[in-house]
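Engineer: File follows, structure.cif with mmCIF, N, CA and C atoms:
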data_coords
loop_
_atom_site.label_atom_id
_atom_site.label_comp_id
_atom_site.auth_asym_id
_atom_site.auth_seq_id
_atom_site.Cartn_x
_atom_site.Cartn_y
_atom_site.Cartn_z
N MET Y 1 10.85 8.30 -5.41
CA MET Y 1 9.60 8.10 -4.69
C MET Y 1 9.87 7.17 -3.52
N ILE Y 2 9.16 7.41 -2.44
CA ILE Y 2 9.24 6.59 -1.22
C ILE Y 2 8.04 5.67 -1.19
N ALA Y 3 8.27 4.40 -0.80
CA ALA Y 3 7.18 3.45 -0.60
C ALA Y 3 7.17 3.03 0.87
N VAL Y 4 6.00 2.57 1.32
CA VAL Y 4 5.81 2.19 2.72
C VAL Y 4 5.50 0.71 2.79
N ASP Y 5 6.22 0.00 3.64
CA ASP Y 5 6.03 -1.43 3.84
C ASP Y 5 4.93 -1.69 4.87
N THR Y 6 4.49 -2.92 4.91
CA THR Y 6 3.39 -3.35 5.78
C THR Y 6 3.59 -2.98 7.24
N ASN Y 7 4.79 -3.22 7.77
CA ASN Y 7 4.97 -3.01 9.21
C ASN Y 7 4.76 -1.55 9.61
N ILE Y 8 5.11 -0.62 8.77
CA ILE Y 8 4.88 0.79 9.08
C ILE Y 8 3.37 1.07 9.12
N LEU Y 9 2.64 0.48 8.18
CA LEU Y 9 1.18 0.64 8.17
C LEU Y 9 0.56 0.04 9.43
N VAL Y 10 1.01 -1.15 9.81
CA VAL Y 10 0.47 -1.81 11.01
C VAL Y 10 0.76 -0.97 12.25
N TYR Y 11 2.00 -0.51 12.39
CA TYR Y 11 2.35 0.30 13.56
C TYR Y 11 1.55 1.60 13.61
N ALA Y 12 1.34 2.21 12.48
CA ALA Y 12 0.57 3.46 12.44
C ALA Y 12 -0.89 3.22 12.80
N HIS Y 13 -1.40 2.07 12.47
CA HIS Y 13 -2.81 1.73 12.70
C HIS Y 13 -3.10 1.28 14.13
N ARG Y 14 -2.21 0.45 14.67
CA ARG Y 14 -2.46 -0.16 15.98
C ARG Y 14 -2.02 0.79 17.10
N LEU Y 15 -2.97 1.29 17.85
CA LEU Y 15 -2.66 2.20 18.95
C LEU Y 15 -1.85 1.52 20.04
N ASP Y 16 -1.91 0.20 20.13
CA ASP Y 16 -1.16 -0.54 21.14
C ASP Y 16 0.28 -0.83 20.72
N SER Y 17 0.68 -0.37 19.56
CA SER Y 17 2.05 -0.56 19.11
C SER Y 17 2.98 0.45 19.77
N ALA Y 18 4.14 -0.02 20.18
CA ALA Y 18 5.14 0.89 20.76
C ALA Y 18 5.60 1.93 19.74
N TRP Y 19 5.44 1.63 18.47
CA TRP Y 19 5.89 2.51 17.40
C TRP Y 19 4.75 3.33 16.80
N ASN Y 20 3.57 3.31 17.41
CA ASN Y 20 2.38 3.94 16.82
C ASN Y 20 2.59 5.41 16.50
N ARG Y 21 3.00 6.19 17.44
CA ARG Y 21 3.12 7.64 17.22
C ARG Y 21 4.10 7.98 16.11
N ARG Y 22 5.23 7.32 16.13
CA ARG Y 22 6.26 7.60 15.12
C ARG Y 22 5.79 7.16 13.73
N ALA Y 23 5.23 5.96 13.64
CA ALA Y 23 4.76 5.47 12.34
C ALA Y 23 3.62 6.32 11.81
N ALA Y 24 2.70 6.71 12.70
CA ALA Y 24 1.58 7.57 12.28
C ALA Y 24 2.10 8.91 11.78
N ALA Y 25 3.10 9.46 12.45
CA ALA Y 25 3.68 10.74 12.02
C ALA Y 25 4.33 10.61 10.65
N VAL Y 26 4.98 9.49 10.40
CA VAL Y 26 5.60 9.25 9.09
C VAL Y 26 4.53 9.25 8.00
N LEU Y 27 3.42 8.52 8.24
CA LEU Y 27 2.35 8.45 7.24
C LEU Y 27 1.68 9.80 7.03
N VAL Y 28 1.46 10.54 8.10
CA VAL Y 28 0.85 11.87 7.97
C VAL Y 28 1.77 12.78 7.17
N GLY Y 29 3.07 12.71 7.45
CA GLY Y 29 4.02 13.53 6.70
C GLY Y 29 4.00 13.22 5.21
N LEU Y 30 3.94 11.94 4.88
CA LEU Y 30 3.88 11.55 3.47
C LEU Y 30 2.54 11.96 2.85
N ALA Y 31 1.46 11.66 3.55
CA ALA Y 31 0.11 11.91 3.01
C ALA Y 31 -0.16 13.40 2.81
N GLU Y 32 0.41 14.23 3.67
CA GLU Y 32 0.17 15.66 3.57
C GLU Y 32 1.27 16.39 2.81
N GLY Y 33 2.28 15.65 2.40
CA GLY Y 33 3.39 16.26 1.66
C GLY Y 33 3.08 16.46 0.19
N ARG Y 34 4.01 17.07 -0.49
CA ARG Y 34 3.85 17.36 -1.92
C ARG Y 34 4.43 16.27 -2.82
N ASP Y 35 5.33 15.48 -2.27
CA ASP Y 35 6.03 14.48 -3.08
C ASP Y 35 5.19 13.20 -3.20
N PRO Y 36 5.27 12.55 -4.36
CA PRO Y 36 4.56 11.28 -4.50
C PRO Y 36 5.16 10.21 -3.60
N TRP Y 37 4.30 9.36 -3.08
CA TRP Y 37 4.72 8.23 -2.26
C TRP Y 37 3.85 7.05 -2.65
N ALA Y 38 4.23 5.86 -2.22
CA ALA Y 38 3.54 4.67 -2.69
C ALA Y 38 3.32 3.65 -1.59
N ILE Y 39 2.29 2.86 -1.80
CA ILE Y 39 2.06 1.64 -1.03
C ILE Y 39 1.89 0.51 -2.05
N PRO Y 40 2.74 -0.51 -1.99
CA PRO Y 40 2.54 -1.65 -2.87
C PRO Y 40 1.27 -2.42 -2.49
N TRP Y 41 0.50 -2.84 -3.48
CA TRP Y 41 -0.74 -3.58 -3.20
C TRP Y 41 -0.52 -4.79 -2.29
N PRO Y 42 0.56 -5.56 -2.44
CA PRO Y 42 0.73 -6.68 -1.51
C PRO Y 42 0.81 -6.24 -0.05
N CYS Y 43 1.31 -5.03 0.19
CA CYS Y 43 1.38 -4.51 1.56
C CYS Y 43 -0.01 -4.15 2.08
N VAL Y 44 -0.89 -3.70 1.20
CA VAL Y 44 -2.28 -3.43 1.59
C VAL Y 44 -2.93 -4.74 2.03
N HIS Y 45 -2.75 -5.79 1.24
CA HIS Y 45 -3.34 -7.09 1.56
C HIS Y 45 -2.79 -7.62 2.87
N GLU Y 46 -1.47 -7.55 3.02
CA GLU Y 46 -0.84 -8.07 4.22
C GLU Y 46 -1.25 -7.26 5.46
N PHE Y 47 -1.33 -5.94 5.32
CA PHE Y 47 -1.79 -5.09 6.43
C PHE Y 47 -3.15 -5.58 6.93
N PHE Y 48 -4.10 -5.74 6.02
CA PHE Y 48 -5.44 -6.15 6.41
C PHE Y 48 -5.42 -7.53 7.08
N SER Y 49 -4.66 -8.46 6.51
CA SER Y 49 -4.64 -9.81 7.08
C SER Y 49 -4.00 -9.84 8.46
N ILE Y 50 -3.02 -8.99 8.71
CA ILE Y 50 -2.34 -8.97 10.01
C ILE Y 50 -3.21 -8.31 11.08
N VAL Y 51 -3.70 -7.11 10.82
CA VAL Y 51 -4.40 -6.38 11.88
C VAL Y 51 -5.75 -7.00 12.25
N THR Y 52 -6.34 -7.78 11.35
CA THR Y 52 -7.63 -8.41 11.64
C THR Y 52 -7.48 -9.85 12.12
N HIS Y 53 -6.26 -10.31 12.31
CA HIS Y 53 -5.99 -11.71 12.67
C HIS Y 53 -6.00 -11.88 14.20
N ALA Y 54 -6.91 -12.72 14.68
CA ALA Y 54 -7.08 -12.93 16.13
C ALA Y 54 -5.88 -13.61 16.79
N ARG Y 55 -5.07 -14.32 16.04
CA ARG Y 55 -3.89 -14.97 16.63
C ARG Y 55 -2.70 -14.01 16.72
N ILE Y 56 -2.81 -12.88 16.05
CA ILE Y 56 -1.72 -11.90 16.09
C ILE Y 56 -2.04 -10.79 17.10
N PHE Y 57 -3.28 -10.30 17.08
CA PHE Y 57 -3.68 -9.23 18.00
C PHE Y 57 -4.90 -9.66 18.80
N SER Y 58 -4.87 -9.32 20.09
CA SER Y 58 -6.01 -9.58 20.95
C SER Y 58 -6.37 -8.29 21.67
N PRO Y 59 -7.44 -7.66 21.28
CA PRO Y 59 -8.36 -8.07 20.22
C PRO Y 59 -7.85 -7.63 18.85
N PRO Y 60 -8.27 -8.36 17.82
CA PRO Y 60 -7.90 -7.93 16.47
C PRO Y 60 -8.69 -6.68 16.09
N THR Y 61 -8.21 -5.99 15.09
CA THR Y 61 -8.93 -4.83 14.57
C THR Y 61 -10.18 -5.32 13.84
N PRO Y 62 -11.33 -4.70 14.11
CA PRO Y 62 -12.51 -5.05 13.30
C PRO Y 62 -12.25 -4.70 11.84
N ALA Y 63 -12.76 -5.53 10.94
CA ALA Y 63 -12.54 -5.31 9.50
C ALA Y 63 -12.96 -3.92 9.08
N SER Y 64 -14.07 -3.43 9.63
CA SER Y 64 -14.56 -2.10 9.24
C SER Y 64 -13.56 -1.01 9.59
N LYS Y 65 -12.88 -1.14 10.72
CA LYS Y 65 -11.88 -0.14 11.14
C LYS Y 65 -10.64 -0.20 10.25
N ALA Y 66 -10.20 -1.42 9.92
CA ALA Y 66 -9.04 -1.56 9.04
C ALA Y 66 -9.34 -0.97 7.66
N LEU Y 67 -10.53 -1.24 7.15
CA LEU Y 67 -10.93 -0.68 5.85
C LEU Y 67 -11.03 0.84 5.92
N GLN Y 68 -11.52 1.35 7.03
CA GLN Y 68 -11.65 2.80 7.20
C GLN Y 68 -10.28 3.48 7.16
N ASP Y 69 -9.30 2.89 7.85
CA ASP Y 69 -7.96 3.48 7.84
C ASP Y 69 -7.35 3.43 6.44
N LEU Y 70 -7.55 2.32 5.74
CA LEU Y 70 -7.07 2.25 4.36
C LEU Y 70 -7.72 3.34 3.50
N ASP Y 71 -9.03 3.51 3.65
CA ASP Y 71 -9.73 4.56 2.89
C ASP Y 71 -9.14 5.94 3.16
N VAL Y 72 -8.80 6.22 4.41
CA VAL Y 72 -8.22 7.52 4.76
C VAL Y 72 -6.85 7.68 4.10
N TRP Y 73 -6.01 6.65 4.18
CA TRP Y 73 -4.69 6.75 3.54
C TRP Y 73 -4.84 6.94 2.04
N PHE Y 74 -5.81 6.26 1.45
CA PHE Y 74 -6.01 6.33 0.00
C PHE Y 74 -6.49 7.70 -0.47
N LEU Y 75 -6.94 8.54 0.45
CA LEU Y 75 -7.39 9.88 0.10
C LEU Y 75 -6.23 10.83 -0.22
N SER Y 76 -5.02 10.46 0.17
CA SER Y 76 -3.87 11.32 -0.09
C SER Y 76 -3.70 11.51 -1.60
N PRO Y 77 -3.72 12.76 -2.06
CA PRO Y 77 -3.60 12.99 -3.51
C PRO Y 77 -2.24 12.62 -4.09
N THR Y 78 -1.24 12.46 -3.23
CA THR Y 78 0.09 12.12 -3.73
C THR Y 78 0.40 10.63 -3.63
N LEU Y 79 -0.54 9.85 -3.09
CA LEU Y 79 -0.33 8.40 -2.96
C LEU Y 79 -0.49 7.70 -4.30
N ARG Y 80 0.41 6.76 -4.55
CA ARG Y 80 0.32 5.88 -5.71
C ARG Y 80 0.24 4.45 -5.17
N LEU Y 81 -0.80 3.72 -5.55
CA LEU Y 81 -0.89 2.31 -5.20
C LEU Y 81 -0.25 1.54 -6.35
N ILE Y 82 0.78 0.76 -6.03
CA ILE Y 82 1.58 0.15 -7.08
C ILE Y 82 1.50 -1.38 -7.02
N GLY Y 83 1.55 -1.99 -8.19
CA GLY Y 83 1.47 -3.43 -8.28
C GLY Y 83 2.23 -3.97 -9.47
N GLU Y 84 1.97 -5.22 -9.77
CA GLU Y 84 2.65 -5.90 -10.87
C GLU Y 84 2.28 -5.26 -12.21
N THR Y 85 3.24 -5.22 -13.11
CA THR Y 85 3.04 -4.71 -14.46
C THR Y 85 3.57 -5.75 -15.44
N GLU Y 86 3.55 -5.43 -16.71
CA GLU Y 86 4.06 -6.36 -17.72
C GLU Y 86 5.56 -6.57 -17.61
N ILE Y 87 6.29 -5.68 -16.95
CA ILE Y 87 7.74 -5.86 -16.79
C ILE Y 87 8.10 -6.36 -15.39
N TYR Y 88 7.12 -6.81 -14.66
CA TYR Y 88 7.31 -7.28 -13.29
C TYR Y 88 8.15 -8.55 -13.21
N TRP Y 89 7.87 -9.53 -14.07
CA TRP Y 89 8.56 -10.82 -13.95
C TRP Y 89 10.08 -10.69 -14.00
N PRO Y 90 10.67 -9.99 -14.95
CA PRO Y 90 12.14 -9.87 -14.94
C PRO Y 90 12.66 -9.23 -13.64
N ALA Y 91 11.94 -8.27 -13.12
CA ALA Y 91 12.37 -7.63 -11.86
C ALA Y 91 12.27 -8.61 -10.70
N LEU Y 92 11.18 -9.37 -10.63
CA LEU Y 92 11.02 -10.36 -9.56
C LEU Y 92 12.11 -11.42 -9.67
N ARG Y 93 12.32 -11.92 -10.86
CA ARG Y 93 13.34 -12.95 -11.08
C ARG Y 93 14.71 -12.44 -10.61
N SER Y 94 15.04 -11.21 -10.96
CA SER Y 94 16.31 -10.62 -10.55
C SER Y 94 16.41 -10.51 -9.02
N CYS Y 95 15.34 -10.05 -8.40
CA CYS Y 95 15.35 -9.94 -6.93
C CYS Y 95 15.53 -11.31 -6.27
N ILE Y 96 14.87 -12.31 -6.81
CA ILE Y 96 14.99 -13.66 -6.25
C ILE Y 96 16.42 -14.18 -6.40
N GLU Y 97 16.98 -14.01 -7.58
CA GLU Y 97 18.33 -14.51 -7.82
C GLU Y 97 19.38 -13.73 -7.04
N LYS Y 98 19.37 -12.42 -7.17
CA LYS Y 98 20.39 -11.59 -6.52
C LYS Y 98 20.25 -11.59 -5.00
N GLY Y 99 19.02 -11.75 -4.51
CA GLY Y 99 18.79 -11.75 -3.07
C GLY Y 99 18.84 -13.12 -2.43
N SER Y 100 19.16 -14.15 -3.23
CA SER Y 100 19.20 -15.53 -2.73
C SER Y 100 17.92 -15.87 -1.96
N VAL Y 101 16.80 -15.60 -2.60
CA VAL Y 101 15.49 -15.76 -1.97
C VAL Y 101 14.99 -17.19 -2.11
N ALA Y 102 14.39 -17.67 -1.03
CA ALA Y 102 13.68 -18.95 -1.03
C ALA Y 102 12.56 -18.85 0.01
N GLY Y 103 11.58 -19.72 -0.13
CA GLY Y 103 10.50 -19.80 0.85
C GLY Y 103 9.74 -18.51 1.03
N PRO Y 104 9.40 -18.19 2.27
CA PRO Y 104 8.53 -17.03 2.52
C PRO Y 104 9.16 -15.67 2.19
N LEU Y 105 10.47 -15.63 1.97
CA LEU Y 105 11.10 -14.36 1.59
C LEU Y 105 10.67 -13.90 0.20
N VAL Y 106 9.96 -14.76 -0.54
CA VAL Y 106 9.48 -14.37 -1.85
C VAL Y 106 8.50 -13.19 -1.73
N HIS Y 107 7.80 -13.08 -0.61
CA HIS Y 107 6.89 -11.92 -0.43
C HIS Y 107 7.70 -10.63 -0.45
N ASP Y 108 8.83 -10.60 0.26
CA ASP Y 108 9.67 -9.40 0.26
C ASP Y 108 10.23 -9.13 -1.14
N ALA Y 109 10.62 -10.19 -1.84
CA ALA Y 109 11.12 -10.02 -3.21
C ALA Y 109 10.03 -9.44 -4.09
N ARG Y 110 8.79 -9.87 -3.88
CA ARG Y 110 7.67 -9.34 -4.65
C ARG Y 110 7.52 -7.84 -4.43
N VAL Y 111 7.55 -7.42 -3.18
CA VAL Y 111 7.43 -5.99 -2.86
C VAL Y 111 8.60 -5.22 -3.44
N ALA Y 112 9.81 -5.75 -3.31
CA ALA Y 112 11.00 -5.08 -3.85
C ALA Y 112 10.91 -4.94 -5.37
N ALA Y 113 10.45 -5.99 -6.05
CA ALA Y 113 10.33 -5.95 -7.51
C ALA Y 113 9.28 -4.93 -7.94
N ILE Y 114 8.16 -4.90 -7.25
CA ILE Y 114 7.12 -3.91 -7.56
C ILE Y 114 7.67 -2.50 -7.39
N CYS Y 115 8.37 -2.28 -6.29
CA CYS Y 115 8.98 -0.96 -6.07
C CYS Y 115 9.94 -0.61 -7.19
N ARG Y 116 10.74 -1.57 -7.57
CA ARG Y 116 11.74 -1.33 -8.61
C ARG Y 116 11.10 -0.92 -9.93
N VAL Y 117 10.06 -1.63 -10.37
CA VAL Y 117 9.46 -1.31 -11.67
C VAL Y 117 8.69 0.00 -11.64
N HIS Y 118 8.37 0.50 -10.45
CA HIS Y 118 7.64 1.77 -10.35
C HIS Y 118 8.55 2.94 -9.97
N GLY Y 119 9.84 2.72 -9.98
CA GLY Y 119 10.77 3.81 -9.74
C GLY Y 119 10.90 4.23 -8.29
N VAL Y 120 10.54 3.37 -7.37
CA VAL Y 120 10.70 3.68 -5.94
C VAL Y 120 12.18 3.64 -5.61
N SER Y 121 12.65 4.68 -4.97
CA SER Y 121 14.06 4.74 -4.60
C SER Y 121 14.29 4.27 -3.17
N THR Y 122 13.31 4.48 -2.28
CA THR Y 122 13.46 4.16 -0.87
C THR Y 122 12.20 3.47 -0.35
N LEU Y 123 12.42 2.38 0.38
CA LEU Y 123 11.32 1.68 1.05
C LEU Y 123 11.44 1.91 2.54
N LEU Y 124 10.39 2.48 3.13
CA LEU Y 124 10.35 2.67 4.58
C LEU Y 124 9.85 1.37 5.21
N THR Y 125 10.70 0.74 6.01
CA THR Y 125 10.36 -0.53 6.63
C THR Y 125 11.21 -0.76 7.87
N ALA Y 126 10.69 -1.58 8.76
CA ALA Y 126 11.46 -2.03 9.92
C ALA Y 126 11.94 -3.47 9.71
N ASP Y 127 11.75 -3.98 8.52
CA ASP Y 127 12.10 -5.37 8.17
C ASP Y 127 13.50 -5.41 7.57
N ARG Y 128 14.43 -5.99 8.28
CA ARG Y 128 15.83 -6.06 7.82
C ARG Y 128 16.03 -6.97 6.61
N ASP Y 129 15.08 -7.85 6.36
CA ASP Y 129 15.21 -8.76 5.21
C ASP Y 129 15.30 -8.01 3.88
N PHE Y 130 14.77 -6.80 3.83
CA PHE Y 130 14.82 -6.04 2.57
C PHE Y 130 16.22 -5.59 2.21
N SER Y 131 17.15 -5.66 3.15
CA SER Y 131 18.53 -5.24 2.84
C SER Y 131 19.18 -6.15 1.80
N ARG Y 132 18.62 -7.31 1.54
CA ARG Y 132 19.18 -8.22 0.53
C ARG Y 132 18.93 -7.75 -0.89
N PHE Y 133 18.04 -6.77 -1.06
CA PHE Y 133 17.72 -6.25 -2.38
C PHE Y 133 18.47 -4.94 -2.59
N ARG Y 134 19.67 -5.05 -3.13
CA ARG Y 134 20.61 -3.93 -3.22
C ARG Y 134 20.12 -2.77 -4.08
N GLU Y 135 19.22 -3.02 -5.02
CA GLU Y 135 18.74 -1.96 -5.91
C GLU Y 135 17.77 -1.02 -5.21
N LEU Y 136 17.36 -1.37 -4.00
CA LEU Y 136 16.36 -0.61 -3.27
C LEU Y 136 16.97 -0.10 -1.97
N LYS Y 137 16.93 1.19 -1.77
CA LYS Y 137 17.41 1.76 -0.51
C LYS Y 137 16.34 1.48 0.55
N VAL Y 138 16.77 0.99 1.69
CA VAL Y 138 15.87 0.66 2.78
C VAL Y 138 16.15 1.60 3.94
N GLN Y 139 15.08 2.16 4.48
CA GLN Y 139 15.24 3.10 5.60
C GLN Y 139 14.22 2.76 6.67
N ASN Y 140 14.70 2.62 7.90
CA ASN Y 140 13.81 2.40 9.04
C ASN Y 140 13.50 3.77 9.65
N PRO Y 141 12.28 4.27 9.49
CA PRO Y 141 11.95 5.60 10.01
C PRO Y 141 11.64 5.63 11.50
N LEU Y 142 11.70 4.45 12.12
CA LEU Y 142 11.33 4.37 13.53
C LEU Y 142 12.54 4.46 14.42
#
As structure tokens - that is how I would like this structure written.

Structural biologist:
Amino acid sequence: MIAVDTNILVYAHRLDSAWNRRAAAVLVGLAEGRDPWAIPWPCVHEFFSIVTHARIFSPPTPASKALQDLDVWFLSPTLRLIGETEIYWPALRSCIEKGSVAGPLVHDARVAAICRVHGVSTLLTADRDFSRFRELKVQNPL
């Protein structure tokens, strides 16, 4: 299964992004495809906080528009929204230790651990920090 990281969601959403067309095409391909794909819940939260943040985007996305785009993505019948489970802690601990994680990189370890416990084989992201999690194949679709 393929999972999508926050930055791909942001690029697909923001028309002013240089990567908008490519990221949007990636999401449409996944959403309209037959294979299951995933968005980790922390990426949903981060997407909303980034696109609606006035210090990041001028103008920021109105909350109603960000929610509307999430609702559209969530309509995909092959989408799985994935989060922490009862076996999450050992996976997170392993990601932190093996990835030499400290400070804010714990967010990436969280996403990697969630992907791992849900059987995600590939994470689509433009974030190079995910390369520290060897159990997860990272692919930049842009």

Engineer: Considering only N, CA and C atoms, return as a list in words whatever protein or nucleic-acid residues lie within 6 Å of Met1 (chain Y), sequence-local ones (same chain, fewer than 6 positions apart) excluded.

Structural biologist: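 Surrounding residues, per the criterion: Pro36, Trp37, Ala38, Gly119, Val120, Ser121 and Thr122 of chain Y.
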
Engineer: Write the selection just made, keeping N, CA and C atoms, as a PDB file, in the coordinates of the input?

Structural biologist:
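Generated file (part-v1.pdb):
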ATOM      1  N   PRO Y  36       5.270  12.550  -4.360  1.00  0.00           N
ATOM      2  CA  PRO Y  36       4.560  11.280  -4.500  1.00  0.00           C
ATOM      3  C   PRO Y  36       5.160  10.210  -3.600  1.00  0.00           C
ATOM      4  N   TRP Y  37       4.300   9.360  -3.080  1.00  0.00           N
ATOM      5  CA  TRP Y  37       4.720   8.230  -2.260  1.00  0.00           C
ATOM      6  C   TRP Y  37       3.850   7.050  -2.650  1.00  0.00           C
ATOM      7  N   ALA Y  38       4.230   5.860  -2.220  1.00  0.00           N
ATOM      8  CA  ALA Y  38       3.540   4.670  -2.690  1.00  0.00           C
ATOM      9  C   ALA Y  38       3.320   3.650  -1.590  1.00  0.00           C
ATOM     10  N   GLY Y 119       9.840   2.720  -9.980  1.00  0.00           N
ATOM     11  CA  GLY Y 119      10.770   3.810  -9.740  1.00  0.00           C
ATOM     12  C   GLY Y 119      10.900   4.230  -8.290  1.00  0.00           C
ATOM     13  N   VAL Y 120      10.540   3.370  -7.370  1.00  0.00           N
ATOM     14  CA  VAL Y 120      10.700   3.680  -5.940  1.00  0.00           C
ATOM     15  C   VAL Y 120      12.180   3.640  -5.610  1.00  0.00           C
ATOM     16  N   SER Y 121      12.650   4.680  -4.970  1.00  0.00           N
ATOM     17  CA  SER Y 121      14.060   4.740  -4.600  1.00  0.00           C
ATOM     18  C   SER Y 121      14.290   4.270  -3.170  1.00  0.00           C
ATOM     19  N   THR Y 122      13.310   4.480  -2.280  1.00  0.00           N
ATOM     20  CA  THR Y 122      13.460   4.160  -0.870  1.00  0.00           C
ATOM     21  C   THR Y 122      12.200   3.470  -0.350  1.00  0.00           C
TER      22      THR Y 122
END

Engineer: Would you pick out the contacts of region 94-99 of chain Y at 6.5 Å or less, using all atoms listed in the file, so that residues sharing its chain but fewer than 5 positions from it are not included, and give the list as JSON, numbers by chain?

Structural biologist: {"Y": [89, 109, 113, 132, 133]}

Engineer: Once the PyMOL selection byres ((chain Y and resi 8) around 7) has been evaluated on this model, what residues remain selected, and can you format them as number ranges by chain?

Structural biologist: Y: 4-7, 9-13, 23-24, 124-126

Engineer: Taking the file as shown, what set of residues would the PyMOL selection byres ((chain Y and resi 61) around 5) give back, as JSON, numbers by chain?

Structural biologist: {"Y": [51, 52, 59, 60, 62, 63]}

Engineer: By how many Å are atom C of Phe48 (chain Y) and atom C of Pro77 (chain Y) apart?

Structural biologist: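 Computing it gives 23.3 Å between the two atoms.
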
Engineer: On this structure, the PyMOL selection byres (((chain Y and resi 42 and name CA) around 12) and name CA) would catch which residues? List them as a list in words, sorted by chain and number.

Structural biologist: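 When the PyMOL selection byres (((chain Y and resi 42 and name CA) around 12) and name CA) is applied, the selected residues are Val4, Asp5, Thr6, Ala38, Ile39, Pro40, Trp41, Cys43, Val44, His45, Glu46, Phe47, Phe48, Ser49, Leu81, Ile82, Gly83, Glu84, Val106, His107, Asp108, Ala109, Arg110, Val111, Ala112, Ala113, Ile114 and Cys115 of chain Y.
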
Engineer: How many Å separate atom N of Phe57 (chain Y) from atom C of Arg22 (chain Y)?

Structural biologist: 20.0 Å

Engineer: Which residue out of Y:Leu136, Y:Leu142, Y:Leu92, Y:Ile50 has the minimum interatomic distance to Arg14 (chain Y) when only C-alpha atoms are used?

Structural biologist: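 Closest to Arg14 (chain Y), using only C-alpha atoms: Y:Ile50.
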
Engineer: With 8 Å added on each side, what axis-aligned box encloses every listed atom of region 7-22 of chain Y? Give the centre and edge lengths in Å to one decimal, as JSON.

Structural biologist:
{"center_x": 1.6, "center_y": 2.4, "center_z": 14.5, "size_x": 25.4, "size_y": 27.2, "size_z": 29.4}

Engineer: Which distance in Å separates atom C of Thr85 (chain Y) and atom C of Arg116 (chain Y), to one decimal?

Structural biologist: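 Atom-to-atom, atom C of Thr85 (chain Y) and atom C of Arg116 (chain Y) are spaced 10.5 Å apart.
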
Engineer: Run DSSP on the backbone and grab whatever in chain Y lands in strand (DSSP E); send it over as a list of chain:residue names.

Structural biologist: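 The residues of chain Y classed as strand (DSSP E) are Y:Ile2, Y:Ala3, Y:Val4, Y:Trp37, Y:Ala38, Y:Ile39, Y:Pro40, Y:Leu79, Y:Arg80, Y:Leu81, Y:Ile82, Y:Thr122, Y:Leu123, Y:Leu124, Y:Lys137, Y:Val138, Y:Gln139.
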
Engineer: Would you list, as a PyMOL selection string, the residues of chain Y that end up in helix (DSSP H, G or I) under DSSP run on this structure's backbone?

Structural biologist: chain Y and resi 6-13+20-32+41-51+63-74+88-98+103-117+128-132

Engineer: Between Y:Gln139, Y:Ser76, Y:Ser58, Y:Ser131, which residue has the minimum interatomic distance to Leu30 (chain Y), considering all atoms listed in the file?

Structural biologist: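 So, comparing all the options, the nearest one is Y:Ser76.
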
Engineer: Which residue is closest to Pro141 (chain Y)? Choose from Y:Leu15, Y:Ala25, Y:Ala31, Y:Arg55 and count only C-alpha atoms.

Structural biologist: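 Smallest separation from Pro141 (chain Y) among the options: Y:Ala25.
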